[in-house]
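Participant: Got a file for you: target-v5.cif, mmCIF, C-alpha atoms.
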```
data_data
#
loop_
_atom_site.group_PDB
_atom_site.id
_atom_site.type_symbol
_atom_site.label_atom_id
_atom_site.label_comp_id
_atom_site.auth_asym_id
_atom_site.auth_seq_id
_atom_site.Cartn_x
_atom_site.Cartn_y
_atom_site.Cartn_z
ATOM 1 C CA MET A 1 -5.399 36.184 -145.543
ATOM 2 C CA LYS A 2 -2.579 38.275 -144.106
ATOM 3 C CA LEU A 3 -1.775 37.569 -140.410
ATOM 4 C CA TRP A 4 -4.530 34.927 -140.209
ATOM 5 C CA HIS A 5 -3.705 31.531 -138.702
ATOM 6 C CA PRO A 6 -5.963 28.506 -138.198
ATOM 7 C CA THR A 7 -6.608 27.458 -134.616
ATOM 8 C CA ASP A 8 -4.939 24.349 -133.259
ATOM 9 C CA ARG A 9 -7.727 21.756 -133.235
ATOM 10 C CA ALA A 10 -6.207 20.216 -130.094
ATOM 11 C CA LEU A 11 -7.562 23.196 -128.111
ATOM 12 C CA TRP A 12 -11.108 21.910 -128.628
ATOM 13 C CA GLN A 13 -11.315 18.834 -126.447
ATOM 14 C CA GLY A 14 -13.077 17.746 -123.278
ATOM 15 C CA ARG A 15 -15.150 15.097 -121.580
ATOM 16 C CA ASP A 16 -17.170 12.877 -123.898
ATOM 17 C CA ASP A 17 -20.618 12.049 -122.485
ATOM 18 C CA SER A 18 -22.220 11.261 -125.843
ATOM 19 C CA ALA A 19 -22.803 7.610 -124.897
ATOM 20 C CA GLU A 20 -25.210 8.823 -122.209
ATOM 21 C CA ALA A 21 -27.626 10.507 -124.645
ATOM 22 C CA PRO A 22 -27.559 12.046 -128.135
ATOM 23 C CA ASN A 23 -27.733 15.549 -126.674
ATOM 24 C CA ALA A 24 -25.157 15.038 -123.908
ATOM 25 C CA LEU A 25 -22.745 17.247 -125.777
ATOM 26 C CA ARG A 26 -20.129 19.891 -125.051
ATOM 27 C CA LEU A 27 -18.884 22.795 -127.121
ATOM 28 C CA PHE A 28 -15.869 20.929 -128.438
ATOM 29 C CA GLN A 29 -18.313 18.462 -130.028
ATOM 30 C CA THR A 30 -20.686 20.990 -131.602
ATOM 31 C CA ILE A 31 -18.437 23.826 -132.756
ATOM 32 C CA ASN A 32 -17.932 24.076 -136.517
ATOM 33 C CA ASN A 33 -14.156 23.834 -136.833
ATOM 34 C CA CYS A 34 -13.010 25.052 -140.234
ATOM 35 C CA GLY A 35 -9.375 24.805 -141.224
ATOM 36 C CA GLU A 36 -9.534 27.756 -143.587
ATOM 37 C CA PHE A 37 -11.063 31.214 -143.583
ATOM 38 C CA THR A 38 -14.318 30.693 -145.485
ATOM 39 C CA PRO A 39 -17.050 32.844 -143.887
ATOM 40 C CA GLN A 40 -19.240 32.638 -146.997
ATOM 41 C CA ARG A 41 -20.052 29.034 -146.021
ATOM 42 C CA TYR A 42 -21.504 29.986 -142.626
ATOM 43 C CA GLY A 43 -24.165 32.649 -143.052
ATOM 44 C CA GLY A 44 -26.421 32.994 -140.018
ATOM 45 C CA LYS A 45 -23.791 31.648 -137.615
ATOM 46 C CA ILE A 46 -21.359 33.198 -135.119
ATOM 47 C CA ALA A 47 -17.741 33.579 -136.180
ATOM 48 C CA LEU A 48 -15.362 32.972 -133.274
ATOM 49 C CA LEU A 49 -12.173 34.914 -133.970
ATOM 50 C CA GLY A 50 -9.094 35.394 -131.833
ATOM 51 C CA PHE A 51 -6.903 38.513 -131.817
ATOM 52 C CA GLU A 52 -3.461 37.511 -130.564
ATOM 53 C CA CYS A 53 -2.191 40.960 -129.715
ATOM 54 C CA ASP A 54 -0.965 42.930 -126.747
ATOM 55 C CA GLU A 55 1.044 45.535 -128.651
ATOM 56 C CA GLY A 56 -1.520 48.137 -127.602
ATOM 57 C CA VAL A 57 -1.176 47.143 -123.944
ATOM 58 C CA LYS A 58 2.593 47.540 -124.189
ATOM 59 C CA ARG A 59 2.224 50.992 -125.729
ATOM 60 C CA ASN A 60 -0.203 51.908 -122.945
ATOM 61 C CA GLN A 61 2.356 50.874 -120.317
ATOM 62 C CA GLY A 62 0.271 47.909 -119.183
ATOM 63 C CA ARG A 63 1.170 44.323 -118.294
ATOM 64 C CA PRO A 64 1.660 42.295 -121.504
ATOM 65 C CA GLY A 65 0.329 38.783 -121.921
ATOM 66 C CA ALA A 66 -3.106 39.253 -123.493
ATOM 67 C CA ALA A 67 -1.872 37.805 -126.795
ATOM 68 C CA GLN A 68 -2.172 34.378 -125.151
ATOM 69 C CA GLY A 69 -5.762 35.093 -124.118
ATOM 70 C CA PRO A 70 -7.740 33.732 -127.093
ATOM 71 C CA ASP A 71 -6.437 30.170 -126.986
ATOM 72 C CA THR A 72 -6.647 29.979 -123.189
ATOM 73 C CA LEU A 73 -10.299 31.009 -123.365
ATOM 74 C CA ARG A 74 -10.965 28.456 -126.082
ATOM 75 C CA LYS A 75 -9.669 25.727 -123.749
ATOM 76 C CA ALA A 76 -11.998 26.980 -121.010
ATOM 77 C CA LEU A 77 -14.972 27.048 -123.385
ATOM 78 C CA ALA A 78 -14.340 23.671 -124.968
ATOM 79 C CA ASN A 79 -15.569 21.513 -122.079
ATOM 80 C CA MET A 80 -18.691 23.567 -121.320
ATOM 81 C CA ALA A 81 -22.084 22.043 -122.080
ATOM 82 C CA SER A 82 -23.558 22.807 -125.488
ATOM 83 C CA HIS A 83 -27.148 24.071 -125.438
ATOM 84 C CA ASN A 84 -29.329 26.126 -127.761
ATOM 85 C CA GLY A 85 -27.258 28.611 -129.721
ATOM 86 C CA HIS A 86 -23.858 27.058 -129.171
ATOM 87 C CA GLU A 87 -24.092 24.957 -132.329
ATOM 88 C CA ARG A 88 -23.938 28.245 -134.275
ATOM 89 C CA LEU A 89 -20.321 28.845 -133.205
ATOM 90 C CA VAL A 90 -17.803 28.570 -136.025
ATOM 91 C CA GLU A 91 -14.083 28.446 -135.229
ATOM 92 C CA MET A 92 -12.568 31.006 -137.626
ATOM 93 C CA GLY A 93 -8.979 31.142 -136.369
ATOM 94 C CA ASN A 94 -6.723 33.910 -135.085
ATOM 95 C CA ILE A 95 -5.255 37.159 -136.279
ATOM 96 C CA ARG A 96 -1.695 37.124 -134.946
ATOM 97 C CA ALA A 97 0.015 40.489 -134.481
ATOM 98 C CA GLN A 98 3.676 40.865 -135.364
ATOM 99 C CA PRO A 99 5.962 42.638 -132.860
ATOM 100 C CA GLU A 100 5.469 46.417 -132.864
ATOM 101 C CA ALA A 101 3.029 46.174 -135.793
ATOM 102 C CA LEU A 102 -0.257 47.052 -134.100
ATOM 103 C CA GLU A 103 -1.796 48.993 -136.966
ATOM 104 C CA ALA A 104 -1.298 46.131 -139.442
ATOM 105 C CA ALA A 105 -2.889 43.705 -136.972
ATOM 106 C CA GLN A 106 -5.893 45.990 -136.438
ATOM 107 C CA GLN A 107 -6.350 46.235 -140.197
ATOM 108 C CA ALA A 108 -6.173 42.452 -140.536
ATOM 109 C CA LEU A 109 -8.795 42.053 -137.794
ATOM 110 C CA HIS A 110 -10.952 44.663 -139.520
ATOM 111 C CA ASP A 111 -10.740 42.769 -142.808
ATOM 112 C CA ALA A 112 -11.572 39.406 -141.209
ATOM 113 C CA VAL A 113 -14.567 40.805 -139.309
ATOM 114 C CA PHE A 114 -15.782 42.721 -142.351
ATOM 115 C CA ALA A 115 -15.689 39.542 -144.452
ATOM 116 C CA CYS A 116 -17.658 37.661 -141.798
ATOM 117 C CA GLN A 117 -20.259 40.401 -141.509
ATOM 118 C CA GLN A 118 -20.598 40.595 -145.298
ATOM 119 C CA ALA A 119 -21.265 36.844 -145.226
ATOM 120 C CA LYS A 120 -24.197 37.455 -142.807
ATOM 121 C CA MET A 121 -22.330 36.146 -139.776
ATOM 122 C CA ARG A 122 -22.187 37.749 -136.347
ATOM 123 C CA THR A 123 -18.728 38.064 -134.786
ATOM 124 C CA LEU A 124 -17.455 37.069 -131.345
ATOM 125 C CA VAL A 125 -13.824 38.152 -130.929
ATOM 126 C CA LEU A 126 -11.536 37.043 -128.105
ATOM 127 C CA GLY A 127 -8.761 39.581 -127.437
ATOM 128 C CA GLY A 128 -6.089 40.657 -127.113
ATOM 129 C CA GLY A 129 -5.872 44.049 -125.462
ATOM 130 C CA HIS A 130 -8.571 46.665 -125.901
ATOM 131 C CA GLU A 131 -6.864 47.732 -129.113
ATOM 132 C CA THR A 132 -9.105 44.924 -130.409
ATOM 133 C CA ALA A 133 -12.019 47.365 -130.332
ATOM 134 C CA PHE A 134 -10.732 49.596 -133.108
ATOM 135 C CA GLY A 135 -10.249 46.746 -135.565
ATOM 136 C CA HIS A 136 -13.556 45.114 -134.622
ATOM 137 C CA GLY A 137 -15.641 48.265 -134.231
ATOM 138 C CA SER A 138 -14.431 49.942 -137.425
ATOM 139 C CA ALA A 139 -15.367 46.805 -139.374
ATOM 140 C CA ILE A 140 -18.917 46.921 -137.991
ATOM 141 C CA LEU A 141 -19.212 50.601 -138.914
ATOM 142 C CA ASP A 142 -17.901 49.889 -142.409
ATOM 143 C CA ALA A 143 -20.178 46.874 -142.891
ATOM 144 C CA PHE A 144 -23.269 48.989 -142.120
ATOM 145 C CA PRO A 145 -22.489 52.459 -143.493
ATOM 146 C CA ASP A 146 -26.105 53.614 -143.694
ATOM 147 C CA GLU A 147 -27.236 52.396 -140.288
ATOM 148 C CA ARG A 148 -27.063 53.775 -136.761
ATOM 149 C CA VAL A 149 -24.502 51.675 -134.891
ATOM 150 C CA GLY A 150 -24.395 51.930 -131.110
ATOM 151 C CA ILE A 151 -21.133 51.122 -129.317
ATOM 152 C CA ILE A 152 -21.530 49.852 -125.757
ATOM 153 C CA ASN A 153 -18.399 49.352 -123.693
ATOM 154 C CA LEU A 154 -18.468 47.567 -120.335
ATOM 155 C CA ASP A 155 -15.221 48.843 -118.901
ATOM 156 C CA ALA A 156 -13.518 50.511 -115.957
ATOM 157 C CA HIS A 157 -11.772 52.827 -118.461
ATOM 158 C CA LEU A 158 -13.064 55.279 -121.050
ATOM 159 C CA ASP A 159 -10.199 54.528 -123.483
ATOM 160 C CA LEU A 160 -10.442 57.932 -125.180
ATOM 161 C CA ARG A 161 -6.784 58.881 -124.814
ATOM 162 C CA HIS A 162 -5.011 61.395 -127.028
ATOM 163 C CA ALA A 163 -1.736 59.739 -128.039
ATOM 164 C CA PRO A 164 0.720 59.929 -130.939
ATOM 165 C CA ARG A 165 0.209 56.201 -131.621
ATOM 166 C CA ALA A 166 -2.687 53.805 -131.242
ATOM 167 C CA SER A 167 -2.764 51.760 -128.029
ATOM 168 C CA SER A 168 -5.175 49.894 -125.781
ATOM 169 C CA GLY A 169 -6.113 53.292 -124.349
ATOM 170 C CA THR A 170 -7.148 54.934 -127.650
ATOM 171 C CA PRO A 171 -9.700 52.702 -129.455
ATOM 172 C CA PHE A 172 -12.816 54.774 -128.841
ATOM 173 C CA ARG A 173 -11.182 58.032 -129.811
ATOM 174 C CA GLN A 174 -10.060 56.231 -132.962
ATOM 175 C CA LEU A 175 -13.627 55.066 -133.570
ATOM 176 C CA ALA A 176 -14.872 58.619 -133.012
ATOM 177 C CA LEU A 177 -12.438 59.860 -135.649
ATOM 178 C CA HIS A 178 -13.512 57.020 -137.941
ATOM 179 C CA CYS A 179 -17.112 58.190 -137.595
ATOM 180 C CA GLU A 180 -16.073 61.780 -138.315
ATOM 181 C CA ALA A 181 -14.329 60.660 -141.494
ATOM 182 C CA GLN A 182 -17.553 58.923 -142.570
ATOM 183 C CA GLN A 183 -19.663 61.935 -141.581
ATOM 184 C CA ARG A 184 -21.778 59.879 -139.227
ATOM 185 C CA ASP A 185 -22.617 60.282 -135.551
ATOM 186 C CA PHE A 186 -20.507 58.620 -132.870
ATOM 187 C CA HIS A 187 -22.782 56.704 -130.495
ATOM 188 C CA TYR A 188 -20.710 55.540 -127.535
ATOM 189 C CA CYS A 189 -21.862 54.442 -124.087
ATOM 190 C CA CYS A 190 -19.378 53.341 -121.407
ATOM 191 C CA ILE A 191 -20.815 51.454 -118.444
ATOM 192 C CA GLY A 192 -18.793 50.663 -115.328
ATOM 193 C CA ALA A 193 -16.218 53.439 -115.644
ATOM 194 C CA SER A 194 -14.194 54.154 -112.516
ATOM 195 C CA MET A 195 -13.639 57.798 -111.660
ATOM 196 C CA ALA A 196 -10.519 56.693 -109.798
ATOM 197 C CA ALA A 197 -9.083 55.129 -112.966
ATOM 198 C CA ASN A 198 -9.801 57.951 -115.446
ATOM 199 C CA THR A 199 -8.238 61.405 -115.308
ATOM 200 C CA ALA A 200 -10.254 64.606 -115.523
ATOM 201 C CA ALA A 201 -8.918 65.042 -119.065
ATOM 202 C CA LEU A 202 -10.569 61.772 -120.103
ATOM 203 C CA TRP A 203 -13.890 62.796 -118.561
ATOM 204 C CA ASP A 204 -13.609 66.101 -120.445
ATOM 205 C CA GLU A 205 -13.010 64.213 -123.694
ATOM 206 C CA ALA A 206 -16.042 62.045 -123.005
ATOM 207 C CA ALA A 207 -18.183 65.128 -122.420
ATOM 208 C CA ARG A 208 -16.860 66.808 -125.562
ATOM 209 C CA ARG A 209 -17.782 63.769 -127.633
ATOM 210 C CA HIS A 210 -21.210 63.415 -125.956
ATOM 211 C CA VAL A 211 -20.377 59.990 -124.559
ATOM 212 C CA THR A 212 -22.896 58.460 -122.177
ATOM 213 C CA VAL A 213 -20.997 57.333 -119.077
ATOM 214 C CA ILE A 214 -22.394 55.357 -116.159
ATOM 215 C CA GLU A 215 -19.933 54.938 -113.313
ATOM 216 C CA ASP A 216 -19.239 51.684 -111.511
ATOM 217 C CA LEU A 217 -20.919 52.999 -108.330
ATOM 218 C CA ASP A 218 -24.100 53.726 -110.262
ATOM 219 C CA VAL A 219 -24.112 50.227 -111.724
ATOM 220 C CA LEU A 220 -23.783 48.791 -108.218
ATOM 221 C CA ASN A 221 -26.334 51.094 -106.587
ATOM 222 C CA ALA A 222 -28.777 52.017 -109.353
ATOM 223 C CA LEU A 223 -28.910 49.227 -111.901
ATOM 224 C CA GLU A 224 -32.693 49.414 -112.262
ATOM 225 C CA ALA A 225 -32.882 53.200 -112.226
ATOM 226 C CA ARG A 226 -29.859 54.146 -114.359
ATOM 227 C CA VAL A 227 -28.378 51.256 -116.284
ATOM 228 C CA LEU A 228 -31.241 49.137 -117.578
ATOM 229 C CA PRO A 229 -33.164 52.201 -118.878
ATOM 230 C CA GLU A 230 -30.016 53.280 -120.756
ATOM 231 C CA ILE A 231 -29.700 49.819 -122.277
ATOM 232 C CA ALA A 232 -33.352 50.006 -123.335
ATOM 233 C CA ARG A 233 -32.724 53.432 -124.883
ATOM 234 C CA CYS A 234 -29.783 52.052 -126.875
ATOM 235 C CA ILE A 235 -31.823 49.110 -128.106
ATOM 236 C CA ASN A 236 -34.611 51.435 -129.243
ATOM 237 C CA SER A 237 -32.282 54.023 -130.791
ATOM 238 C CA TYR A 238 -29.852 51.997 -132.893
ATOM 239 C CA ASP A 239 -30.114 49.628 -135.834
ATOM 240 C CA ARG A 240 -27.088 47.560 -134.759
ATOM 241 C CA ILE A 241 -25.171 47.250 -131.504
ATOM 242 C CA TYR A 242 -21.501 46.465 -131.023
ATOM 243 C CA LEU A 243 -20.744 45.300 -127.472
ATOM 244 C CA THR A 244 -17.173 45.328 -126.215
ATOM 245 C CA ILE A 245 -16.361 43.945 -122.774
ATOM 246 C CA ASP A 246 -13.097 44.820 -121.095
ATOM 247 C CA LEU A 247 -12.755 42.145 -118.439
ATOM 248 C CA ASP A 248 -11.179 44.661 -116.061
ATOM 249 C CA VAL A 249 -14.708 45.945 -115.478
ATOM 250 C CA LEU A 250 -15.055 42.938 -113.136
ATOM 251 C CA PRO A 251 -13.764 43.056 -109.540
ATOM 252 C CA ALA A 252 -10.199 41.829 -109.107
ATOM 253 C CA ALA A 253 -11.505 39.083 -106.823
ATOM 254 C CA GLU A 254 -13.483 37.675 -109.778
ATOM 255 C CA MET A 255 -11.092 38.660 -112.557
ATOM 256 C CA PRO A 256 -7.442 38.826 -111.505
ATOM 257 C CA ALA A 257 -6.178 38.041 -115.011
ATOM 258 C CA VAL A 258 -6.122 41.493 -116.605
ATOM 259 C CA SER A 259 -3.594 44.257 -117.122
ATOM 260 C CA ALA A 260 -5.296 46.596 -114.624
ATOM 261 C CA PRO A 261 -7.367 44.728 -111.980
ATOM 262 C CA ALA A 262 -10.277 46.697 -110.538
ATOM 263 C CA ALA A 263 -10.363 47.453 -106.821
ATOM 264 C CA LEU A 264 -14.160 47.815 -106.980
ATOM 265 C CA GLY A 265 -15.577 46.633 -110.290
ATOM 266 C CA VAL A 266 -18.961 45.302 -111.355
ATOM 267 C CA PRO A 267 -19.706 41.664 -110.403
ATOM 268 C CA LEU A 268 -20.450 39.135 -113.109
ATOM 269 C CA ALA A 269 -24.025 38.634 -111.902
ATOM 270 C CA LEU A 270 -24.820 42.308 -112.590
ATOM 271 C CA LEU A 271 -22.966 42.343 -115.903
ATOM 272 C CA LEU A 272 -25.050 39.417 -117.072
ATOM 273 C CA ARG A 273 -28.255 41.372 -116.494
ATOM 274 C CA ILE A 274 -26.951 44.060 -118.843
ATOM 275 C CA VAL A 275 -25.661 41.588 -121.394
ATOM 276 C CA GLU A 276 -28.846 39.507 -121.465
ATOM 277 C CA ALA A 277 -30.991 42.440 -122.537
ATOM 278 C CA LEU A 278 -28.596 43.212 -125.392
ATOM 279 C CA CYS A 279 -28.366 39.586 -126.500
ATOM 280 C CA ARG A 280 -32.132 39.183 -126.591
ATOM 281 C CA SER A 281 -32.715 42.492 -128.399
ATOM 282 C CA GLY A 282 -32.175 41.125 -131.902
ATOM 283 C CA LYS A 283 -29.834 44.038 -132.623
ATOM 284 C CA LEU A 284 -26.562 42.714 -131.243
ATOM 285 C CA GLN A 285 -24.230 42.451 -134.221
ATOM 286 C CA ALA A 286 -20.832 41.877 -132.640
ATOM 287 C CA VAL A 287 -19.198 41.195 -129.273
ATOM 288 C CA ASP A 288 -15.659 41.026 -128.011
ATOM 289 C CA LEU A 289 -14.057 40.100 -124.694
ATOM 290 C CA VAL A 290 -10.693 41.776 -124.216
ATOM 291 C CA GLU A 291 -7.716 42.189 -121.867
ATOM 292 C CA PHE A 292 -7.732 38.620 -120.556
ATOM 293 C CA ASN A 293 -4.155 37.891 -119.510
ATOM 294 C CA PRO A 294 -3.516 34.261 -118.509
ATOM 295 C CA ALA A 295 -0.093 35.151 -117.085
ATOM 296 C CA PHE A 296 -1.872 36.708 -114.083
ATOM 297 C CA ASP A 297 -4.651 34.160 -113.614
ATOM 298 C CA ARG A 298 -5.144 32.248 -110.353
ATOM 299 C CA GLU A 299 -5.809 28.536 -110.855
ATOM 300 C CA GLY A 300 -7.806 29.284 -114.006
ATOM 301 C CA GLN A 301 -10.349 31.417 -112.100
ATOM 302 C CA GLY A 302 -10.350 34.314 -114.556
ATOM 303 C CA ALA A 303 -10.521 32.008 -117.563
ATOM 304 C CA LYS A 304 -13.618 30.320 -116.110
ATOM 305 C CA VAL A 305 -15.324 33.671 -115.500
ATOM 306 C CA ALA A 306 -14.556 34.959 -119.002
ATOM 307 C CA ALA A 307 -15.588 31.666 -120.583
ATOM 308 C CA ARG A 308 -18.914 31.680 -118.718
ATOM 309 C CA LEU A 309 -19.541 35.196 -120.023
ATOM 310 C CA ALA A 310 -18.789 34.140 -123.609
ATOM 311 C CA TRP A 311 -20.880 30.974 -123.156
ATOM 312 C CA GLN A 312 -23.847 32.955 -121.872
ATOM 313 C CA ILE A 313 -23.668 35.493 -124.691
ATOM 314 C CA THR A 314 -23.708 32.727 -127.296
ATOM 315 C CA HIS A 315 -26.617 30.992 -125.561
ATOM 316 C CA TRP A 316 -28.731 34.176 -125.376
ATOM 317 C CA TRP A 317 -27.789 35.706 -128.736
ATOM 318 C CA GLN A 318 -30.901 36.211 -130.879
ATOM 319 C CA TRP A 319 -31.578 37.788 -134.271
#
```
Show me the file's structure as structure tokens.

Facilitator:
Amino acid sequence: MKLWHPTDRALWQGRDDSAEAPNALRLFQTINNCGEFTPQRYGGKIALLGFECDEGVKRNQGRPGAAQGPDTLRKALANMASHNGHERLVEMGNIRAQPEALEAAQQALHDAVFACQQAKMRTLVLGGGHETAFGHGSAILDAFPDERVGIINLDAHLDLRHAPRASSGTPFRQLALHCEAQQRDFHYCCIGASMAANTAALWDEAARRHVTVIEDLDVLNALEARVLPEIARCINSYDRIYLTIDLDVLPAAEMPAVSAPAALGVPLALLLRIVEALCRSGKLQAVDLVEFNPAFDREGQGAKVAARLAWQITHWWQW
């Protein structure tokens, strides 16, 4: 498949405790590691895909480096304990963007995700910049053309920019246009948005497109009153849910390794309360974690936080 590359098996290694007990296992020992792209063999499992791309970040005038994110996160995941759900993970390789060829990379990601979804797999994508969301999200929309798909973005940014070219700041406007072309409604909820990080023009665009926005301050101060009821509404309203997590929604103290660290942000403990409800809903179809940039990490701190988030999602994911 164009732009697809198998993952280096050496990334999946860690401490071997299997002599202690049959179930003393870690992810590197339970992940299904296929050397070719064959989703039809793995129905009912979770496809782990990487998107080695930061072309969108560059176009959005951000700090490049997210293309190295997927493999760094794999290393952080590999040595974590394997419990219920983790044995469903299938290593499905990386889509590797070519320089200045963002659109081709997004199409390749779309095609890989679409094939996995057609094979009855769920998809967990490690970005890459938030340009990941257009390739991933459009594939979910295309895989379920007759269903109501809700898009939930945990993010400090609305990413609804008007721009002459696609970037990490445009994916949700692109998805809105994709929905328009399919004559279907655009169901987008952004949780954790910072008013300080989004211009008035972006808030106007969100209002025009009837986007549900819950600011970071509301997540911190009114989780029970504002956020969890909105998550419940989404679960009740949609047939499938696509969850995209921009790691810059976290505070810079927890997540330094992103293009745009958040001065305030939403702590991991609160994010997990949101994510758990979605994972246990039975409607979560796809998840991605984006914008992780190992070039700006501090002693692997950000990688550990992102890996714990991915680990927890896999553990809770039900359908």

Participant: Residues at most 9 Å from Leu77 in chain A, counting only C-alpha atoms, excluding those fewer than 3 positions away in the same chain, as a ChimeraX atom specification?

Facilitator: /A:12,26-28,72-74,80-81,303-304,307-308,310-311

Participant: From the options A:Gly265, A:Gly85, A:Pro99, A:Gly135, which residue's atoms come nearest to Leu247 in chain A, counting all atoms listed in the file?

Facilitator: A:Gly265

Participant: Residues near Thr212 in chain A, anyone? I mean within 9 Å using all atoms listed in the file, not counting same-chain ones fewer than 6 positions away, as a PyMOL selection string.

Facilitator: chain A and resi 187-191+206+230

Participant: Name the closest residue to Gly69 in chain A among the candidates A:Ala112, A:Leu49, A:Val275, A:Met195; distances are taken between atoms, counting only C-alpha atoms.

Facilitator: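 Among the listed residues, the smallest separation from Gly69 in chain A belongs to A:Leu49.
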
Participant: May I ask for the distance between CA of Val125 in chain A and CA of Asp218 in chain A, given in Å to one decimal place?

Facilitator: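 These two atoms are separated by 27.8 Å.
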
Participant: Point out the residue among A:Arg240, A:Arg9, A:Lys120, A:His315 with the least atom-to-atom distance to Lys45 in chain A, counting all atoms listed in the file.

Facilitator: A:Lys120

Participant: Which polymer residues have any atom within 6 Å of an atom of Gly93 in chain A, counting all atoms listed in the file, with same-chain residues fewer than 2 positions away left out, as a compact mmCIF listing (two decimals) with C-alpha atoms, keeping the file's coordinate frame?

Facilitator:
```
# COMPACT_ATOMS: atom_id res chain seq x y z
CA HIS A 5 -3.70 31.53 -138.70
CA PRO A 6 -5.96 28.51 -138.20
CA THR A 7 -6.61 27.46 -134.62
CA LEU A 49 -12.17 34.91 -133.97
CA GLU A 91 -14.08 28.45 -135.23
```
